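Visitor: Here you go, one structure.
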Amino acid sequence: MTCRPISEADFPALQALHRHVGWPERSLAGWRWLHANPARVRAGAPAGWVVDGPDGQPAGHVGNLIQRYWLNDQPLNGATGFSIIVTPPVRGASGEMLGAFASQPGMFAAWVFNANRKSQPLYARHGMDPWPEPTHALKLSWIINPVTLACGRFYRAAHRLAPDIVSRWGERLLNNRLSEKPRLALPPGVSVLSDFRDQSRYAEFWAALRAEGRLLADRSPEVLRWRLADPDLTDPPLVLAFNRGREITGYATAMVAKSNILEPPVLEILDLEALAGEAEAIPALMKALRGAVGQMGAAKLRLQMVSPHMLERLGDHVRGTRREGGWGHCHVRFAPGGPDPTLWSPTPYDGDYAMCLRPVPARASATFRAGGVSHGGGRA
């Protein structure tokens with residue numbers, strides 16, 4: 001078995017591969033959008049690697065999400081692995097694909113921040129260590145609707161007992177608010193952000209953030225416009241700003257996702273950042289996000305990537321949280337001679353979450369607008 005770089009001709013087969021293992025499927029337009037990642041094109045890196053099965057079609061896959069980083073005025077490239085799939089015809093191919101990913105040239109680091117419990121032991125074999133300490137195994141969630149979460153646990157238990165029957169039930173745990181524009185009660189200083197022009201208040205915030213001298217993933221208006229143009233998004237993510245007069249000193253991005261037909265909707269935090277001297281932004285943005293969960297039809301708020309620095313900045317919001325994970329879902333291989341890792345405090349933005357989370361299905365939302373299936377499968 002030999003792994004090879006992905007080509008655009010592989011997109012239909014990659015759709016089928018994700019469907020086969022029950023993972024969120026990208027449309028062909030979505031694969032083309034991901035392939036056009038400006039950072040990947042600029043770096044000339046592969047979009048990922050596949051291993052072909054006996055029929056000549058991809059039966060194994062690892063995605064390669066390239067991100068540009070800045071350390072002062074020095075540009076760097078980093079790589080995030082995603083959608084690591086190995087089917088029985090190519091069993092054992094994960095080693096070659098992960099080896100190609102982890103050792104690719106021109107990257108200050110290669111990492112996976114979304115490893116599942118079963119796959120996480122693989123990464124140590126390719127020089128990828130659990131990082132950051134001591135939070136590489138930590139996810140935080142804030143429960144808003146425990147009844148809906150309990151229903152999700154019931155459906156999962158039923159699926160384990162009778163998977164064929166339960167799979168035919170279709171989408172569960174939907175509600176009308178998923179298809180409505182939320183009426184948000186935002187705390188003082190917080191506003192919805194939608195202007196990502198090159199000359200905007202957000203552009204000024206990014207310039208100030210970059211000037212701090214930390215190792216930061218590119219959050220320029222150009223990159224955010226590309227991310228928000230994902231054709232597979234059923235609703236645009238919620239973007240919030242914390243304001244000091246006309247100056248933005250912190251921002252957050254979140255989207256409602258539903259990992260499969262039986263799981264409840266979750267408001268997933270995609271990014272949470274603030275200027276170094278700003279003590280109020282992160283707590284205020286978290287208050288706004290926690291208040292938005294129910295209004296957006298979600299059952300809980302979740303932060304899937306937590307650095308030690310972020311744990312400190314969350315302040316009192318850490319109290320009463322549910323600590324999820326428990327296995328090392330974050331693994332990194334740093335290239336020799338690269339920047340000091342302590343300069344990097346990653347958030348979910350650095351991982352694959354924005355690309356791999358499953359949005360609430362558009363057809364399901366449309367059903368609600370027409371008065372169809374509601375929470376738990378009853379009638380609206």
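Residues are referred to by chain and number: the chain letter is A, B, ... according to the order shown in the structure tokens, the number counts from 1 in that chain, and ligands are numbered separately from 1 in the order shown.
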Would you return as a ChimeraX atom specification the members of range 119-345 of chain A that DSSP assigns to strand (DSSP E or B) on this structure's backbone?

Guide: /A:129-130,138-143,190-192,215-217,238-244,247-257,266-274,300-303,322-325,331-334

Visitor: Write out as a PyMOL selection string which residues come within 9 Å of range 238-243 of chain A when counting only C-alpha atoms, dropping same-chain ones fewer than 2 positions away.

Guide: chain A and resi 188-194+202+235-236+245-256+274+280-282+284-285+288-289

Visitor: Find the residues around Asn37 in chain A up to 10 Å (only C-alpha atoms counted), leave out those fewer than 5 positions away in its own chain, and share them as a ChimeraX atom specification.

Guide: /A:32,42,47,65-67,223,226-227

Visitor: Set the distance at 9 Å and use only C-alpha atoms: which residues neighbour Gly95 in chain A once local chain neighbours fewer than 6 positions away are removed? I'd like the list as a count of residues only.

Guide: 3

Visitor: Using DSSP secondary structure from the backbone, list all alpha helix (DSSP H) positions within range 42-182 of chain A, as a short mmCIF file (atom, residue, chain, number, x, y, z; two decimals) with all heavy atoms, in the first residue's frame.

Guide:
```cif
data_model
loop_
_atom_site.label_atom_id
_atom_site.label_comp_id
_atom_site.auth_asym_id
_atom_site.auth_seq_id
_atom_site.Cartn_x
_atom_site.Cartn_y
_atom_site.Cartn_z
N ARG A 42 -0.64 28.79 -0.82
CA ARG A 42 0.57 29.60 -0.66
C ARG A 42 1.77 28.72 -0.30
O ARG A 42 2.89 28.95 -0.77
CB ARG A 42 0.32 30.65 0.42
CG ARG A 42 1.29 31.81 0.44
CD ARG A 42 0.90 32.80 1.54
NE ARG A 42 -0.28 33.56 1.19
CZ ARG A 42 -1.40 33.61 1.92
NH1 ARG A 42 -1.50 32.92 3.02
NH2 ARG A 42 -2.42 34.34 1.53
N ALA A 43 1.54 27.71 0.53
CA ALA A 43 2.64 26.83 0.97
C ALA A 43 2.96 25.74 -0.04
O ALA A 43 4.02 25.11 0.05
CB ALA A 43 2.27 26.20 2.31
N SER A 94 -2.60 3.46 8.31
CA SER A 94 -2.53 4.70 9.09
C SER A 94 -1.10 5.14 9.34
O SER A 94 -0.79 6.33 9.34
CB SER A 94 -3.26 4.54 10.42
OG SER A 94 -2.69 3.48 11.18
N GLY A 95 -0.19 4.17 9.52
CA GLY A 95 1.20 4.52 9.79
C GLY A 95 1.84 5.30 8.67
O GLY A 95 2.50 6.32 8.89
N GLU A 96 1.62 4.85 7.44
CA GLU A 96 2.23 5.54 6.30
C GLU A 96 1.62 6.92 6.10
O GLU A 96 2.33 7.90 5.82
CB GLU A 96 2.06 4.71 5.03
CG GLU A 96 2.86 5.25 3.85
CD GLU A 96 2.81 4.32 2.64
OE1 GLU A 96 2.19 3.25 2.74
OE2 GLU A 96 3.40 4.69 1.61
N MET A 97 0.29 7.02 6.26
CA MET A 97 -0.36 8.31 6.06
C MET A 97 0.04 9.30 7.15
O MET A 97 0.36 10.47 6.86
CB MET A 97 -1.88 8.14 6.02
CG MET A 97 -2.38 7.40 4.80
SD MET A 97 -4.18 7.47 4.63
CE MET A 97 -4.71 6.65 6.14
N LEU A 98 0.04 8.86 8.41
CA LEU A 98 0.44 9.75 9.49
C LEU A 98 1.91 10.12 9.40
O LEU A 98 2.31 11.23 9.74
CB LEU A 98 0.15 9.11 10.85
CG LEU A 98 -1.31 9.12 11.29
CD1 LEU A 98 -1.48 8.32 12.58
CD2 LEU A 98 -1.81 10.54 11.49
N GLY A 99 2.73 9.19 8.91
CA GLY A 99 4.14 9.50 8.71
C GLY A 99 4.33 10.60 7.67
O GLY A 99 5.14 11.51 7.87
N ALA A 100 3.58 10.51 6.56
CA ALA A 100 3.66 11.55 5.54
C ALA A 100 3.19 12.89 6.09
O ALA A 100 3.78 13.94 5.80
CB ALA A 100 2.81 11.15 4.33
N PHE A 101 2.14 12.86 6.90
CA PHE A 101 1.61 14.10 7.48
C PHE A 101 2.59 14.71 8.48
O PHE A 101 2.94 15.90 8.40
CB PHE A 101 0.27 13.83 8.16
CG PHE A 101 -0.13 14.89 9.13
CD1 PHE A 101 -0.56 16.13 8.69
CD2 PHE A 101 -0.06 14.66 10.50
CE1 PHE A 101 -0.92 17.12 9.58
CE2 PHE A 101 -0.41 15.65 11.41
CZ PHE A 101 -0.84 16.89 10.94
N ALA A 102 3.06 13.91 9.44
CA ALA A 102 3.86 14.44 10.54
C ALA A 102 5.24 14.90 10.10
O ALA A 102 5.82 15.78 10.74
CB ALA A 102 3.99 13.39 11.65
N PRO A 146 -30.30 19.90 30.58
CA PRO A 146 -29.94 18.52 30.95
C PRO A 146 -30.95 17.49 30.45
O PRO A 146 -30.58 16.33 30.22
CB PRO A 146 -29.89 18.56 32.47
CG PRO A 146 -30.70 19.75 32.87
CD PRO A 146 -30.54 20.74 31.76
N VAL A 147 -32.22 17.88 30.26
CA VAL A 147 -33.23 16.92 29.79
C VAL A 147 -32.89 16.46 28.37
O VAL A 147 -32.93 15.27 28.06
CB VAL A 147 -34.63 17.54 29.85
CG1 VAL A 147 -35.66 16.60 29.21
CG2 VAL A 147 -35.02 17.84 31.30
N THR A 148 -32.55 17.41 27.50
CA THR A 148 -32.19 17.06 26.13
C THR A 148 -30.94 16.19 26.09
O THR A 148 -30.85 15.22 25.32
CB THR A 148 -31.98 18.33 25.29
OG1 THR A 148 -33.18 19.09 25.29
CG2 THR A 148 -31.61 17.99 23.86
N LEU A 149 -29.97 16.49 26.94
CA LEU A 149 -28.76 15.67 27.00
C LEU A 149 -29.08 14.27 27.47
O LEU A 149 -28.50 13.28 26.98
CB LEU A 149 -27.73 16.33 27.91
CG LEU A 149 -27.19 17.69 27.44
CD1 LEU A 149 -26.31 18.31 28.51
CD2 LEU A 149 -26.41 17.54 26.14
N ALA A 150 -30.00 14.14 28.43
CA ALA A 150 -30.40 12.81 28.89
C ALA A 150 -31.09 12.03 27.77
O ALA A 150 -30.89 10.82 27.63
CB ALA A 150 -31.33 12.94 30.10
N CYS A 151 -31.90 12.72 26.95
CA CYS A 151 -32.52 12.06 25.81
C CYS A 151 -31.47 11.54 24.84
O CYS A 151 -31.60 10.45 24.28
CB CYS A 151 -33.47 13.02 25.09
SG CYS A 151 -34.97 13.41 26.01
N GLY A 152 -30.43 12.32 24.64
CA GLY A 152 -29.35 11.88 23.77
C GLY A 152 -28.69 10.61 24.28
O GLY A 152 -28.38 9.71 23.51
N ARG A 153 -28.48 10.54 25.59
CA ARG A 153 -27.90 9.32 26.16
C ARG A 153 -28.83 8.13 25.96
O ARG A 153 -28.37 7.01 25.70
CB ARG A 153 -27.60 9.54 27.65
CG ARG A 153 -26.44 10.51 27.90
CD ARG A 153 -25.98 10.45 29.34
NE ARG A 153 -27.00 10.95 30.26
CZ ARG A 153 -27.14 12.22 30.61
NH1 ARG A 153 -26.32 13.15 30.10
NH2 ARG A 153 -28.06 12.60 31.46
N PHE A 154 -30.14 8.36 26.09
CA PHE A 154 -31.10 7.28 25.87
C PHE A 154 -31.03 6.77 24.43
O PHE A 154 -31.00 5.56 24.19
CB PHE A 154 -32.51 7.77 26.19
CG PHE A 154 -33.58 6.84 25.67
CD1 PHE A 154 -33.89 5.67 26.34
CD2 PHE A 154 -34.27 7.14 24.50
CE1 PHE A 154 -34.86 4.81 25.86
CE2 PHE A 154 -35.25 6.29 24.02
CZ PHE A 154 -35.54 5.12 24.70
N TYR A 155 -30.99 7.69 23.47
CA TYR A 155 -30.94 7.28 22.07
C TYR A 155 -29.66 6.51 21.76
O TYR A 155 -29.66 5.53 21.01
CB TYR A 155 -31.05 8.50 21.15
CG TYR A 155 -32.43 9.10 21.09
CD1 TYR A 155 -32.62 10.47 21.22
CD2 TYR A 155 -33.56 8.30 20.90
CE1 TYR A 155 -33.88 11.03 21.16
CE2 TYR A 155 -34.83 8.85 20.84
CZ TYR A 155 -34.99 10.21 20.98
OH TYR A 155 -36.24 10.76 20.93
N ARG A 156 -28.54 6.95 22.34
CA ARG A 156 -27.28 6.24 22.10
C ARG A 156 -27.34 4.82 22.68
O ARG A 156 -26.86 3.87 22.06
CB ARG A 156 -26.11 7.01 22.70
CG ARG A 156 -25.80 8.32 21.98
CD ARG A 156 -24.44 8.87 22.38
NE ARG A 156 -24.36 9.18 23.79
CZ ARG A 156 -24.72 10.34 24.34
NH1 ARG A 156 -25.24 11.30 23.57
NH2 ARG A 156 -24.58 10.56 25.63
N ALA A 157 -27.93 4.68 23.87
CA ALA A 157 -28.07 3.36 24.47
C ALA A 157 -28.98 2.47 23.62
O ALA A 157 -28.69 1.27 23.41
CB ALA A 157 -28.62 3.47 25.89
N ALA A 158 -30.07 3.06 23.11
CA ALA A 158 -30.97 2.29 22.25
C ALA A 158 -30.28 1.87 20.96
O ALA A 158 -30.48 0.75 20.46
CB ALA A 158 -32.22 3.13 21.93
N HIS A 159 -29.42 2.74 20.43
CA HIS A 159 -28.70 2.41 19.21
C HIS A 159 -27.75 1.25 19.42
O HIS A 159 -27.57 0.40 18.53
CB HIS A 159 -27.96 3.65 18.70
CG HIS A 159 -27.30 3.45 17.37
ND1 HIS A 159 -25.98 3.06 17.26
CD2 HIS A 159 -27.77 3.56 16.11
CE1 HIS A 159 -25.67 2.96 15.98
NE2 HIS A 159 -26.73 3.26 15.26
N ARG A 160 -27.12 1.18 20.59
CA ARG A 160 -26.22 0.07 20.86
C ARG A 160 -26.97 -1.27 20.89
O ARG A 160 -26.44 -2.30 20.50
CB ARG A 160 -25.49 0.30 22.19
CG ARG A 160 -24.40 1.36 22.12
CD ARG A 160 -23.52 1.34 23.35
NE ARG A 160 -24.23 1.75 24.55
CZ ARG A 160 -24.32 3.00 24.98
NH1 ARG A 160 -23.73 3.98 24.30
NH2 ARG A 160 -24.98 3.29 26.08
N LEU A 161 -28.23 -1.22 21.34
CA LEU A 161 -29.02 -2.44 21.43
C LEU A 161 -29.67 -2.82 20.10
O LEU A 161 -29.78 -4.01 19.77
CB LEU A 161 -30.12 -2.27 22.50
CG LEU A 161 -29.62 -2.12 23.94
CD1 LEU A 161 -30.79 -1.79 24.86
CD2 LEU A 161 -28.92 -3.39 24.40
N PRO A 163 -29.20 -1.11 16.54
CA PRO A 163 -28.71 -0.05 15.64
C PRO A 163 -29.53 0.10 14.37
O PRO A 163 -29.77 1.23 13.92
CB PRO A 163 -27.27 -0.47 15.34
CG PRO A 163 -27.20 -1.93 15.69
CD PRO A 163 -28.17 -2.13 16.79
N ASP A 164 -29.98 -0.99 13.76
CA ASP A 164 -30.73 -0.88 12.50
C ASP A 164 -32.06 -0.18 12.71
O ASP A 164 -32.48 0.66 11.90
CB ASP A 164 -30.96 -2.27 11.91
CG ASP A 164 -29.67 -2.92 11.44
OD1 ASP A 164 -28.70 -2.18 11.21
OD2 ASP A 164 -29.63 -4.16 11.34
N ILE A 165 -32.73 -0.49 13.79
CA ILE A 165 -34.04 0.13 14.07
C ILE A 165 -33.87 1.61 14.39
O ILE A 165 -34.56 2.47 13.83
CB ILE A 165 -34.74 -0.61 15.23
CG1 ILE A 165 -35.08 -2.03 14.82
CG2 ILE A 165 -36.01 0.14 15.65
CD1 ILE A 165 -35.63 -2.88 15.95
N VAL A 166 -32.95 1.93 15.28
CA VAL A 166 -32.78 3.32 15.72
C VAL A 166 -32.29 4.20 14.58
O VAL A 166 -32.71 5.36 14.45
CB VAL A 166 -31.82 3.39 16.93
CG1 VAL A 166 -31.55 4.83 17.32
CG2 VAL A 166 -32.41 2.62 18.10
N SER A 167 -31.44 3.67 13.70
CA SER A 167 -30.93 4.47 12.58
C SER A 167 -32.06 4.92 11.65
O SER A 167 -31.96 5.97 11.00
CB SER A 167 -29.88 3.68 11.80
OG SER A 167 -28.75 3.42 12.60
#
```

Visitor: For Gly294 in chain A, please output as a PyMOL selection string all residues within 10 Å (counting only C-alpha atoms; exclusion window: fewer than 5 positions along the same chain).

Guide: chain A and resi 144-145+177-178+182+184+266-267+289+299-301

Visitor: Set the distance at 7 Å and use only C-alpha atoms: which residues neighbour range 9-21 of chain A once local chain neighbours fewer than 3 positions away are removed? I'd like the list as number ranges by chain.

Guide: A: 6, 24-26, 28, 31, 57-59

Visitor: Restrict the selected residues to N, CA and C atoms and save them as an mmCIF file, in the first residue's frame.

Guide:
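Contents of result-v9.cif, freshly written:
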```
data_model
loop_
_atom_site.group_PDB
_atom_site.id
_atom_site.type_symbol
_atom_site.label_atom_id
_atom_site.label_comp_id
_atom_site.auth_asym_id
_atom_site.auth_seq_id
_atom_site.Cartn_x
_atom_site.Cartn_y
_atom_site.Cartn_z
ATOM 1 N N ILE A 6 -3.785 13.827 -2.238
ATOM 2 C CA ILE A 6 -5.158 13.933 -2.744
ATOM 3 C C ILE A 6 -5.176 14.773 -4.018
ATOM 4 N N PRO A 24 -19.305 13.192 9.197
ATOM 5 C CA PRO A 24 -19.943 14.263 8.419
ATOM 6 C C PRO A 24 -19.405 14.331 6.998
ATOM 7 N N GLU A 25 -20.327 14.431 6.046
ATOM 8 C CA GLU A 25 -19.952 14.457 4.631
ATOM 9 C C GLU A 25 -19.847 15.889 4.124
ATOM 10 N N ARG A 26 -18.807 16.156 3.382
ATOM 11 C CA ARG A 26 -18.701 17.430 2.683
ATOM 12 C C ARG A 26 -19.313 17.290 1.303
ATOM 13 N N LEU A 28 -19.324 18.315 -2.758
ATOM 14 C CA LEU A 28 -18.208 18.522 -3.686
ATOM 15 C C LEU A 28 -17.735 19.964 -3.645
ATOM 16 N N TRP A 31 -15.518 20.312 -0.623
ATOM 17 C CA TRP A 31 -14.159 19.814 -0.832
ATOM 18 C C TRP A 31 -13.347 20.779 -1.693
ATOM 19 N N GLN A 57 -9.938 2.824 -5.606
ATOM 20 C CA GLN A 57 -10.553 3.997 -5.005
ATOM 21 C C GLN A 57 -10.006 4.207 -3.597
ATOM 22 N N PRO A 58 -9.930 5.462 -3.139
ATOM 23 C CA PRO A 58 -9.406 5.712 -1.797
ATOM 24 C C PRO A 58 -10.157 4.934 -0.727
ATOM 25 N N ALA A 59 -9.395 4.201 0.081
ATOM 26 C CA ALA A 59 -9.963 3.455 1.204
ATOM 27 C C ALA A 59 -9.362 3.905 2.529
#
```

Visitor: Rank nothing, just name the residue among A:Gly44, A:Gly325, A:Gly106, A:Pro359 nearest to Gly338 in chain A, using only C-alpha atoms.

Guide: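 Among A:Gly44, A:Gly325, A:Gly106, A:Pro359, it is A:Gly106 that comes nearest to Gly338 in chain A.
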
Visitor: Of the candidates A:Glu263, A:Cys330, A:Trp23, A:Pro187, which one gets nearest to Lys287 in chain A if we count only C-alpha atoms?

Guide: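 Comparing A:Glu263, A:Cys330, A:Trp23, A:Pro187 against Lys287 in chain A, the winner is A:Pro187.
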
Visitor: What's around Asp340 in chain A at 12 Å? Count only C-alpha atoms, leave out sequence neighbours fewer than 6 positions away in its own chain, and write the answer as a list in words.

Guide: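 The neighbour list is Leu71, Phe108, Ala109, Gly213, Arg214, Leu215 and Phe334 of chain A.
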
Visitor: From the options A:Leu228, A:Ala298, A:Ala162, A:Met286, which residue's atoms come nearest to Asp316 in chain A, counting only C-alpha atoms?

Guide: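 Checking each candidate against Asp316 in chain A, we get A:Met286 as the closest.
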